[in-house]
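**Student:** Sharing target22.txt below, compact mmCIF, C-alpha atoms:
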```
# COMPACT_ATOMS: atom_id res chain seq x y z
CA MET I 27 132.06 -57.96 65.88
CA LEU I 28 133.50 -59.21 62.63
CA LYS I 29 132.52 -55.99 60.91
CA LYS I 30 134.61 -54.02 63.37
CA ILE I 31 137.64 -56.23 62.90
CA ILE I 32 137.68 -56.17 59.10
CA PRO I 33 138.70 -52.49 58.66
CA PHE I 34 141.55 -52.92 61.15
CA PHE I 35 142.65 -56.06 59.43
CA LEU I 36 142.66 -54.26 56.06
CA LEU I 37 144.57 -51.37 57.58
CA PHE I 38 147.30 -53.64 58.94
CA VAL I 39 147.63 -55.45 55.64
CA LEU I 40 148.00 -52.10 53.90
CA ILE I 41 150.58 -50.89 56.44
CA GLY I 42 152.45 -54.16 56.00
CA ILE I 43 152.57 -53.86 52.22
CA LEU I 44 153.60 -50.20 52.28
CA GLY I 45 156.17 -50.83 55.00
CA LYS I 46 157.73 -53.63 53.02
CA GLU I 47 157.97 -51.40 49.94
CA LEU I 48 159.40 -48.58 52.04
CA PHE I 49 162.10 -50.49 53.91
CA TYR I 50 162.91 -53.62 51.97
CA SER I 51 162.50 -52.79 48.29
CA LYS I 52 165.55 -52.08 46.21
CA PRO I 53 164.51 -49.46 43.65
CA ASN I 54 167.90 -49.69 41.96
CA GLU I 55 167.44 -53.33 41.06
CA LEU I 56 165.19 -53.54 38.09
CA PRO I 57 163.91 -56.96 37.09
CA SER I 58 165.29 -57.94 33.72
CA ALA I 59 162.60 -58.08 31.09
CA LEU I 60 164.75 -60.53 29.14
CA ILE I 61 164.55 -63.45 31.59
CA GLY I 62 163.40 -66.56 29.77
CA GLU I 63 164.13 -64.95 26.41
CA ASN I 64 166.85 -65.89 23.97
CA ILE I 65 169.97 -63.85 24.35
CA PRO I 66 169.94 -61.08 21.73
CA ASN I 67 172.19 -61.77 18.77
CA PHE I 68 175.43 -59.88 18.93
CA GLN I 69 178.83 -59.78 17.28
CA LEU I 70 181.77 -58.24 19.01
CA ALA I 71 185.46 -58.07 18.27
CA ASP I 72 187.57 -60.14 20.65
CA LEU I 73 189.45 -57.87 23.04
CA PHE I 74 192.76 -59.70 22.62
CA HIS I 75 192.45 -60.66 18.96
CA PRO I 76 190.41 -57.92 17.22
CA GLN I 77 190.21 -59.91 13.99
CA LYS I 78 188.33 -62.70 15.78
CA LEU I 79 184.66 -62.41 16.64
CA PHE I 80 182.80 -63.17 19.84
CA THR I 81 179.15 -63.83 19.04
CA SER I 82 176.04 -64.90 20.90
CA GLN I 83 176.42 -68.34 19.25
CA ASP I 84 179.53 -68.95 21.36
CA LEU I 85 177.36 -69.02 24.48
CA LYS I 86 175.29 -71.98 23.33
CA GLY I 87 175.94 -75.61 24.26
CA HIS I 88 176.87 -75.07 27.91
CA VAL I 89 175.64 -73.09 30.86
CA SER I 90 177.73 -69.97 31.26
CA LEU I 91 178.00 -66.57 32.85
CA LEU I 92 178.08 -63.42 30.78
CA ASN I 93 179.68 -60.60 32.73
CA VAL I 94 179.51 -56.97 31.62
CA TRP I 95 182.37 -54.97 33.09
CA ALA I 96 184.76 -52.08 32.51
CA THR I 97 188.05 -50.89 33.91
CA TRP I 98 186.53 -47.53 34.86
CA CYS I 99 183.93 -49.27 37.01
CA TYR I 100 185.01 -49.42 40.62
CA ALA I 101 182.66 -52.23 41.64
CA CYS I 102 183.98 -54.41 38.81
CA GLY I 103 187.37 -54.39 40.55
CA LEU I 104 185.72 -55.63 43.73
CA GLU I 105 184.07 -58.46 41.83
CA GLN I 106 187.24 -59.62 40.14
CA ALA I 107 188.43 -61.94 42.91
CA MET I 108 185.06 -63.69 43.02
CA LEU I 109 185.03 -64.16 39.26
CA MET I 110 188.51 -65.69 39.42
CA LYS I 111 187.25 -68.07 42.08
CA ILE I 112 184.19 -69.01 40.01
CA SER I 113 186.25 -69.79 36.94
CA HIS I 114 189.10 -71.59 38.72
CA GLN I 115 187.40 -73.34 41.65
CA TYR I 116 183.91 -73.95 40.36
CA HIS I 117 184.98 -74.27 36.71
CA ILE I 118 182.07 -72.31 35.30
CA PRO I 119 182.82 -70.67 31.96
CA ILE I 120 182.63 -66.88 32.18
CA TYR I 121 182.38 -64.71 29.11
CA GLY I 122 183.09 -61.02 29.40
CA ILE I 123 181.84 -57.93 27.64
CA ASP I 124 184.12 -54.96 28.09
CA TYR I 125 181.71 -52.04 28.20
CA LYS I 126 182.76 -48.67 26.71
CA ASP I 127 186.37 -49.06 27.58
CA ASN I 128 189.85 -48.43 26.30
CA ARG I 129 191.27 -51.62 24.77
CA GLU I 130 194.87 -51.17 25.95
CA GLU I 131 193.78 -50.28 29.47
CA ALA I 132 191.46 -53.27 29.62
CA MET I 133 194.21 -55.67 28.50
CA ALA I 134 196.64 -54.22 31.02
CA TRP I 135 193.98 -54.48 33.73
CA LEU I 136 193.35 -58.16 32.97
CA ALA I 137 197.08 -58.87 32.86
CA GLN I 138 197.48 -57.28 36.28
CA ASN I 139 194.42 -58.60 38.10
CA GLY I 140 194.04 -61.95 36.38
CA ASN I 141 191.71 -62.92 33.58
CA PRO I 142 188.71 -65.04 34.59
CA TYR I 143 187.14 -64.86 31.12
CA ILE I 144 187.24 -67.41 28.33
CA VAL I 145 186.59 -64.70 25.76
CA VAL I 146 186.15 -60.99 26.22
CA GLY I 147 184.17 -59.02 23.66
CA ASN I 148 185.00 -55.38 23.14
CA ASP I 149 181.82 -53.28 23.23
CA ARG I 150 183.28 -49.85 22.59
CA LYS I 151 180.04 -48.05 21.79
CA GLY I 152 177.83 -49.86 24.29
CA ASP I 153 175.36 -51.09 21.62
CA VAL I 154 175.37 -54.69 22.80
CA ALA I 155 174.92 -53.53 26.38
CA ILE I 156 171.74 -51.70 25.36
CA ASP I 157 170.56 -54.80 23.51
CA LEU I 158 171.06 -56.74 26.75
CA GLY I 159 169.26 -54.09 28.80
CA VAL I 160 172.35 -53.30 30.85
CA TYR I 161 172.04 -50.14 32.91
CA GLY I 162 174.94 -50.39 35.31
CA THR I 163 178.13 -52.37 35.48
CA PRO I 164 178.88 -54.95 36.68
CA GLU I 165 175.98 -57.04 35.48
CA THR I 166 176.06 -60.78 35.13
CA PHE I 167 173.72 -62.98 33.12
CA VAL I 168 173.29 -66.69 33.60
CA VAL I 169 172.86 -68.15 30.12
CA SER I 170 171.40 -71.62 29.64
CA PRO I 171 172.85 -74.15 27.17
CA GLN I 172 170.00 -73.28 24.81
CA GLY I 173 171.12 -69.66 24.85
CA ARG I 174 168.30 -68.37 27.03
CA ILE I 175 168.82 -65.79 29.76
CA VAL I 176 168.01 -67.54 33.02
CA TYR I 177 168.93 -64.87 35.53
CA ARG I 178 170.39 -61.42 35.71
CA HIS I 179 172.48 -60.25 38.66
CA VAL I 180 173.02 -56.50 39.02
CA GLY I 181 176.03 -55.41 41.01
CA VAL I 182 178.95 -57.23 42.56
CA ILE I 183 178.68 -61.00 42.90
CA ASP I 184 179.74 -61.82 46.44
CA GLN I 185 180.11 -65.20 48.07
CA LYS I 186 176.58 -65.05 49.47
CA ALA I 187 174.90 -64.15 46.18
CA TRP I 188 176.92 -66.85 44.44
CA GLU I 189 176.11 -69.61 46.89
CA GLU I 190 172.47 -68.72 47.44
CA THR I 191 171.22 -67.82 43.99
CA LEU I 192 173.66 -68.09 41.12
CA TYR I 193 175.36 -71.41 41.80
CA PRO I 194 172.16 -73.39 42.53
CA LEU I 195 170.71 -72.14 39.24
CA ILE I 196 173.79 -73.22 37.35
CA GLN I 197 173.89 -76.59 39.09
CA LYS I 198 170.35 -77.32 37.88
CA PHE I 199 171.56 -77.09 34.31
CA GLU I 200 174.71 -79.09 34.96
CA GLU I 201 172.69 -81.95 36.41
CA ARG I 202 170.62 -82.21 33.26
CA ILE I 203 173.75 -82.70 31.18
CA MET J 13 187.93 45.25 19.45
CA SER J 14 188.21 45.94 15.77
CA PHE J 15 185.87 44.59 13.19
CA SER J 16 188.61 42.70 11.40
CA TYR J 17 189.36 40.76 14.57
CA VAL J 18 185.74 39.70 14.90
CA LYS J 19 185.68 38.65 11.25
CA LYS J 20 188.85 36.63 11.76
CA MET J 21 187.43 34.85 14.77
CA GLY J 22 184.16 34.26 12.93
CA ASN J 23 186.06 32.68 10.07
CA ARG J 24 187.94 30.49 12.48
CA ILE J 25 184.77 29.36 14.15
CA LEU J 26 183.24 28.54 10.77
CA LEU J 27 186.32 26.56 9.82
CA LEU J 28 186.23 24.68 13.07
CA GLN J 29 182.59 23.87 12.55
CA LYS J 30 183.33 22.62 9.05
CA VAL J 31 186.08 20.39 10.34
CA ARG J 32 183.81 19.13 13.08
CA MET J 33 181.07 18.32 10.56
CA LYS J 34 183.56 16.42 8.48
CA PHE J 35 184.63 14.34 11.44
CA ARG J 36 181.06 13.76 12.43
CA LYS J 37 180.26 12.44 9.00
CA ARG J 38 183.25 10.12 9.20
CA GLU J 39 182.21 9.04 12.66
CA ALA J 40 178.73 8.32 11.44
CA SER J 41 179.98 6.20 8.59
CA ALA J 42 182.34 4.37 10.94
CA HIS J 43 179.44 3.85 13.29
CA ARG J 44 177.28 2.47 10.52
CA PHE J 45 180.08 0.15 9.49
CA LEU J 46 180.46 -1.13 13.05
CA LYS J 47 176.72 -1.70 13.30
CA ILE J 48 176.67 -3.79 10.14
CA PHE J 49 179.75 -5.69 11.29
CA HIS J 50 178.13 -6.47 14.64
CA THR J 51 174.94 -7.78 13.10
CA ILE J 52 176.93 -9.98 10.74
CA VAL J 53 178.94 -11.39 13.67
CA CYS J 54 175.75 -11.95 15.66
CA ILE J 55 174.10 -13.78 12.79
CA LEU J 56 177.20 -15.91 12.27
CA ILE J 57 177.37 -16.81 15.97
CA LEU J 58 173.69 -17.69 15.96
CA LEU J 59 174.07 -19.85 12.88
CA PHE J 60 177.06 -21.65 14.32
CA SER J 61 175.39 -22.31 17.64
CA LEU J 62 172.30 -23.62 15.87
CA ASN J 63 174.51 -25.83 13.75
CA LEU J 64 176.25 -27.20 16.81
CA ALA J 65 172.99 -27.83 18.63
CA TYR J 66 171.62 -29.76 15.71
CA ALA J 67 174.85 -31.57 14.98
CA ASP J 68 174.72 -33.01 18.50
CA ASN J 69 172.25 -35.78 17.88
CA SER J 70 169.81 -34.88 15.24
CA SER J 71 171.58 -33.65 12.15
CA ARG J 72 169.89 -35.92 9.67
CA LEU J 73 166.31 -35.83 10.94
CA SER J 74 163.60 -33.81 9.28
CA ALA J 75 161.87 -31.11 11.33
CA GLU J 76 158.90 -33.40 11.90
CA GLN J 77 161.15 -36.28 13.00
CA LEU J 78 163.10 -33.92 15.20
CA SER J 79 160.02 -32.87 17.16
CA ARG J 80 159.07 -36.54 17.42
CA PHE J 81 162.54 -37.34 18.72
CA GLN J 82 162.28 -34.60 21.32
CA SER J 83 158.86 -35.66 22.57
CA LEU J 84 159.77 -39.36 22.57
CA THR J 85 162.95 -38.88 24.59
CA LYS J 86 160.86 -37.03 27.17
CA GLU J 87 158.74 -40.14 27.64
CA ILE J 88 161.63 -42.51 28.30
CA ARG J 89 162.94 -42.91 31.82
CA CYS J 90 166.64 -42.71 32.47
CA VAL J 91 167.22 -46.00 34.29
CA VAL J 92 170.31 -44.74 36.08
CA CYS J 93 168.81 -41.51 37.42
CA GLN J 94 165.33 -42.84 37.79
CA ASN J 95 163.16 -39.75 38.07
CA GLN J 96 164.58 -38.02 35.03
CA ASN J 97 163.77 -38.57 31.41
CA ILE J 98 166.56 -39.24 28.95
CA ALA J 99 166.03 -35.88 27.23
CA ASP J 100 167.06 -34.07 30.41
CA SER J 101 169.66 -36.49 31.67
CA ASN J 102 173.36 -36.32 30.98
CA ALA J 103 174.13 -39.81 32.26
CA PRO J 104 176.24 -41.82 29.81
CA LEU J 105 173.51 -44.44 29.46
CA ALA J 106 170.95 -41.72 28.66
CA ASN J 107 173.27 -40.47 25.93
CA ASP J 108 173.56 -43.97 24.52
CA LEU J 109 169.81 -44.48 24.63
CA ARG J 110 169.22 -41.17 22.84
CA ALA J 111 171.73 -42.22 20.21
CA LYS J 112 169.95 -45.57 19.88
CA ILE J 113 166.55 -43.89 19.49
CA TYR J 114 168.04 -41.51 16.96
CA LYS J 115 169.44 -44.43 15.01
CA MET J 116 166.14 -46.28 15.07
CA MET J 117 164.35 -43.14 13.88
CA SER J 118 166.67 -42.76 10.94
CA GLU J 119 165.78 -46.37 10.14
CA ASN J 120 162.16 -45.17 9.98
CA LYS J 121 160.97 -47.07 13.04
CA THR J 122 157.71 -45.87 14.55
CA ASN J 123 157.40 -44.63 18.13
CA ASN J 124 155.67 -47.84 19.12
CA GLU J 125 158.40 -50.03 17.66
CA ILE J 126 161.03 -48.04 19.54
CA LYS J 127 159.07 -48.25 22.79
CA ASP J 128 158.56 -51.99 22.32
CA TYR J 129 162.27 -52.44 21.79
CA LEU J 130 163.09 -50.58 25.00
CA VAL J 131 160.36 -52.26 27.06
CA GLN J 132 161.59 -55.69 25.93
CA ARG J 133 165.01 -54.88 27.37
CA TYR J 134 164.39 -52.63 30.31
CA GLY J 135 160.83 -53.51 31.26
CA GLU J 136 157.61 -51.48 31.43
CA PHE J 137 159.39 -49.30 34.01
CA ILE J 138 161.34 -47.44 31.33
CA LEU J 139 158.22 -45.69 30.05
CA LEU J 140 157.40 -42.70 32.21
CA GLN J 141 153.77 -43.01 31.22
CA PRO J 142 152.87 -46.68 31.52
CA ARG J 143 150.84 -48.17 28.71
CA LEU J 144 147.55 -49.89 29.34
CA ASN J 145 148.03 -53.65 29.20
CA LYS J 146 147.60 -56.77 31.31
CA LEU J 147 150.48 -55.83 33.61
CA THR J 148 149.46 -52.24 34.18
CA PHE J 149 145.70 -52.77 34.24
CA LEU J 150 145.49 -52.60 38.02
CA LEU J 151 147.58 -49.43 38.04
CA TRP J 152 145.21 -47.69 35.65
CA ALA J 153 142.10 -49.07 37.32
CA PHE J 154 143.16 -48.16 40.83
CA PRO J 155 141.95 -44.52 40.85
CA PHE J 156 138.50 -45.63 39.69
CA ILE J 157 138.40 -48.42 42.26
CA GLY J 158 139.51 -45.95 44.90
CA PHE J 159 136.86 -43.38 44.04
CA ALA J 160 134.20 -46.06 43.83
CA SER J 161 135.08 -47.41 47.27
CA ILE J 162 135.21 -43.92 48.82
CA PHE J 163 131.80 -43.20 47.33
CA PHE J 164 130.48 -46.53 48.62
CA PHE J 165 131.74 -45.98 52.17
CA LEU J 166 130.61 -42.36 52.27
CA LYS J 167 127.15 -43.41 51.21
CA ARG J 168 126.97 -45.93 54.02
CA PHE J 169 128.44 -43.46 56.48
CA ILE J 170 125.85 -40.82 55.61
CA LYS J 171 123.05 -43.36 55.86
CA ILE J 172 124.06 -44.34 59.40
CA TYR J 173 124.00 -40.79 60.72
```
Transcribe the structure of this file into structure tokens.
**Tutor:**
Amino acid sequence: MLKKIIPFFLLFVLIGILGKELFYSKPNELPSALIGENIPNFQLADLFHPQKLFTSQDLKGHVSLLNVWATWCYACGLEQAMLMKISHQYHIPIYGIDYKDNREEAMAWLAQNGNPYIVVGNDRKGDVAIDLGVYGTPETFVVSPQGRIVYRHVGVIDQKAWEETLYPLIQKFEERI
Amino acid sequence: MSFSYVKKMGNRILLLQKVRMKFRKREASAHRFLKIFHTIVCILILLFSLNLAYADNSSRLSAEQLSRFQSLTKEIRCVVCQNQNIADSNAPLANDLRAKIYKMMSENKTNNEIKDYLVQRYGEFILLQPRLNKLTFLLWAFPFIGFASIFFFLKRFIKIY
């Protein structure tokens, strides 16, 4: 009796696993290989004051978000309102990396739509983005006070993603301080 | 018809032939000139196109490095257009990654160092041919496990009947 059930049981498990991969997996969302690692060292010119530098050292000492965006990226425009909310209502510091963009256009864009960022680095060639393993904008990293990458969010941060995953992660670090 | 008339016509024909020959010679030389000109233009065009092709990404690599660059970029997945390699892809990120690999090659990095760098950032997924390690062990072992289990079941099946 048991011998007859086992193959069916195995079959259903297999169908379950394959079905889950088929219908619920998101092939576009790659897991970041950098989670738990230190944020790669970088040095970027500040978007507003090109003589100043924005470096990976600036991210240390407090939990923060590092958002990679561009004016040519449609989804980044959709995310803007949420980022404004995060920086003004939740008071979480957001750092920006302007990815392969035109400086004047980016400044005009921020002036028009509001600037949620403390500092924006200007990554004209996209080198830093490659160092961070960015493959599509917008991408947001949660960076711990020790400068480790805690989480990577690919795509637009909406209210649900913020409340369910990002904010609880950040709160954990805030409690420790 | 008088004889003198025939002689006159004969002379004329001879003259005409002479003139024709002259023109033919000129034509031939003009033809030769055009031929040479065409080959020169062709060679120039070829040289220029070669120059442009090489200037694209790989102007400072040696021939050996160049072939390495070409084979390596075929092994790296374009993360935006996931079933293409970055050698074939025109996505902006693929361009950037090619440029990065090119830069690392001119810094004399080995293939393994470059792959490690990419895997650290984009995960094992970026290699089109996964390497054998702890993470991918099951993947590599699966065909053997599969064949072994098929063999095992077949053996039992045959025994029963």
**Student:** Work out how far CA of Ile88 (chain J) is from CA of Phe156 (chain J), in Å to one decimal.
**Tutor:**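 We find that CA of Phe156 (chain J) and CA of Ile88 (chain J) lie 26.0 Å from each other.
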**Student:** Could you make a table, as JSON lines, of the residues of chain J that have an atom within 12 Å of an atom of chain I, each with its nearest atom pair and distance in Å to one decimal, counting only C-alpha atoms, in chain and number order?
**Tutor:**
```
{"residue": "J:Arg89", "atom": "CA", "partner": "I:Tyr161", "partner_atom": "CA", "distance": 11.7}
{"residue": "J:Cys90", "atom": "CA", "partner": "I:Tyr161", "partner_atom": "CA", "distance": 9.2}
{"residue": "J:Val91", "atom": "CA", "partner": "I:Tyr161", "partner_atom": "CA", "distance": 6.5}
{"residue": "J:Val92", "atom": "CA", "partner": "I:Tyr161", "partner_atom": "CA", "distance": 6.5}
{"residue": "J:Cys93", "atom": "CA", "partner": "I:Asn54", "partner_atom": "CA", "distance": 9.4}
{"residue": "J:Gln94", "atom": "CA", "partner": "I:Asn54", "partner_atom": "CA", "distance": 8.4}
{"residue": "J:Asn95", "atom": "CA", "partner": "I:Pro53", "partner_atom": "CA", "distance": 11.3}
{"residue": "J:Ala103", "atom": "CA", "partner": "I:Tyr161", "partner_atom": "CA", "distance": 10.6}
{"residue": "J:Pro104", "atom": "CA", "partner": "I:Tyr161", "partner_atom": "CA", "distance": 9.8}
{"residue": "J:Leu105", "atom": "CA", "partner": "I:Tyr161", "partner_atom": "CA", "distance": 6.8}
{"residue": "J:Ala106", "atom": "CA", "partner": "I:Tyr161", "partner_atom": "CA", "distance": 9.5}
{"residue": "J:Asn107", "atom": "CA", "partner": "I:Gly152", "partner_atom": "CA", "distance": 10.6}
{"residue": "J:Asp108", "atom": "CA", "partner": "I:Gly152", "partner_atom": "CA", "distance": 7.3}
{"residue": "J:Leu109", "atom": "CA", "partner": "I:Ile156", "partner_atom": "CA", "distance": 7.5}
{"residue": "J:Arg110", "atom": "CA", "partner": "I:Ile156", "partner_atom": "CA", "distance": 11.1}
{"residue": "J:Ala111", "atom": "CA", "partner": "I:Asp153", "partner_atom": "CA", "distance": 9.7}
{"residue": "J:Lys112", "atom": "CA", "partner": "I:Asp153", "partner_atom": "CA", "distance": 7.9}
{"residue": "J:Ile113", "atom": "CA", "partner": "I:Ile156", "partner_atom": "CA", "distance": 11.1}
{"residue": "J:Lys115", "atom": "CA", "partner": "I:Asp153", "partner_atom": "CA", "distance": 11.1}
{"residue": "J:Asp128", "atom": "CA", "partner": "I:Ala59", "partner_atom": "CA", "distance": 11.4}
{"residue": "J:Tyr129", "atom": "CA", "partner": "I:Asp157", "partner_atom": "CA", "distance": 8.8}
{"residue": "J:Leu130", "atom": "CA", "partner": "I:Gly159", "partner_atom": "CA", "distance": 8.1}
{"residue": "J:Val131", "atom": "CA", "partner": "I:Ala59", "partner_atom": "CA", "distance": 7.4}
{"residue": "J:Gln132", "atom": "CA", "partner": "I:Ala59", "partner_atom": "CA", "distance": 5.8}
{"residue": "J:Arg133", "atom": "CA", "partner": "I:Gly159", "partner_atom": "CA", "distance": 4.6}
{"residue": "J:Tyr134", "atom": "CA", "partner": "I:Gly159", "partner_atom": "CA", "distance": 5.3}
{"residue": "J:Gly135", "atom": "CA", "partner": "I:Ala59", "partner_atom": "CA", "distance": 4.9}
{"residue": "J:Glu136", "atom": "CA", "partner": "I:Ala59", "partner_atom": "CA", "distance": 8.3}
{"residue": "J:Phe137", "atom": "CA", "partner": "I:Leu56", "partner_atom": "CA", "distance": 8.3}
{"residue": "J:Ile138", "atom": "CA", "partner": "I:Leu56", "partner_atom": "CA", "distance": 9.9}
{"residue": "J:Phe165", "atom": "CA", "partner": "I:Pro33", "partner_atom": "CA", "distance": 11.5}
```
**Student:** So how far away is CA of Gly140 (chain I) from CA of Leu104 (chain I), in Å?
**Tutor:**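 Spanning CA of Leu104 (chain I) to CA of Gly140 (chain I) is a straight-line distance of 12.8 Å.
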**Student:** Expressed in Å to a single decimal, how great is the separation between CA of Ala132 (chain I) and CA of Asp84 (chain I)?
**Tutor:**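 Pair CA of Ala132 (chain I) / CA of Asp84 (chain I) returns 21.4 Å.
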**Student:** What lies within 7 Å of Ile144 (chain I) using all atoms listed in the file, ignoring chain neighbours under 5 positions off, as a list of chain:residue names?
**Tutor:**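 The filter keeps I:Pro119, I:Ile120, I:Tyr121.
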**Student:** With only C-alpha atoms as the basis for distance, which of I:Glu165, I:Glu189, I:Asp149, I:Glu131 is at the shortest distance from Leu92 (chain I)?
**Tutor:** I:Glu165
**Student:** Would you mind listing what lies within 6 Å of region 78-86 of chain J as a tab-separated table (two decimals) with C-alpha atoms, in the frame of the given file, with all atoms listed in the file counted and same-chain residues fewer than 4 positions away left out?
**Tutor:**
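selection.tsv, freshly written:
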```tsv
chain	number	residue	atom	x	y	z
J	73	LEU	CA	166.31	-35.83	10.94
J	74	SER	CA	163.60	-33.81	9.28
J	97	ASN	CA	163.77	-38.57	31.41
J	98	ILE	CA	166.56	-39.24	28.95
J	99	ALA	CA	166.03	-35.88	27.23
```
**Student:** Given the choices I:Val94, I:Ala137, I:Leu37, I:Ile31, which gets closest to Arg178 (chain I) if the distance is worked out from all atoms listed in the file?
**Tutor:**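 Distance minimum relative to Arg178 (chain I) lands on I:Val94.
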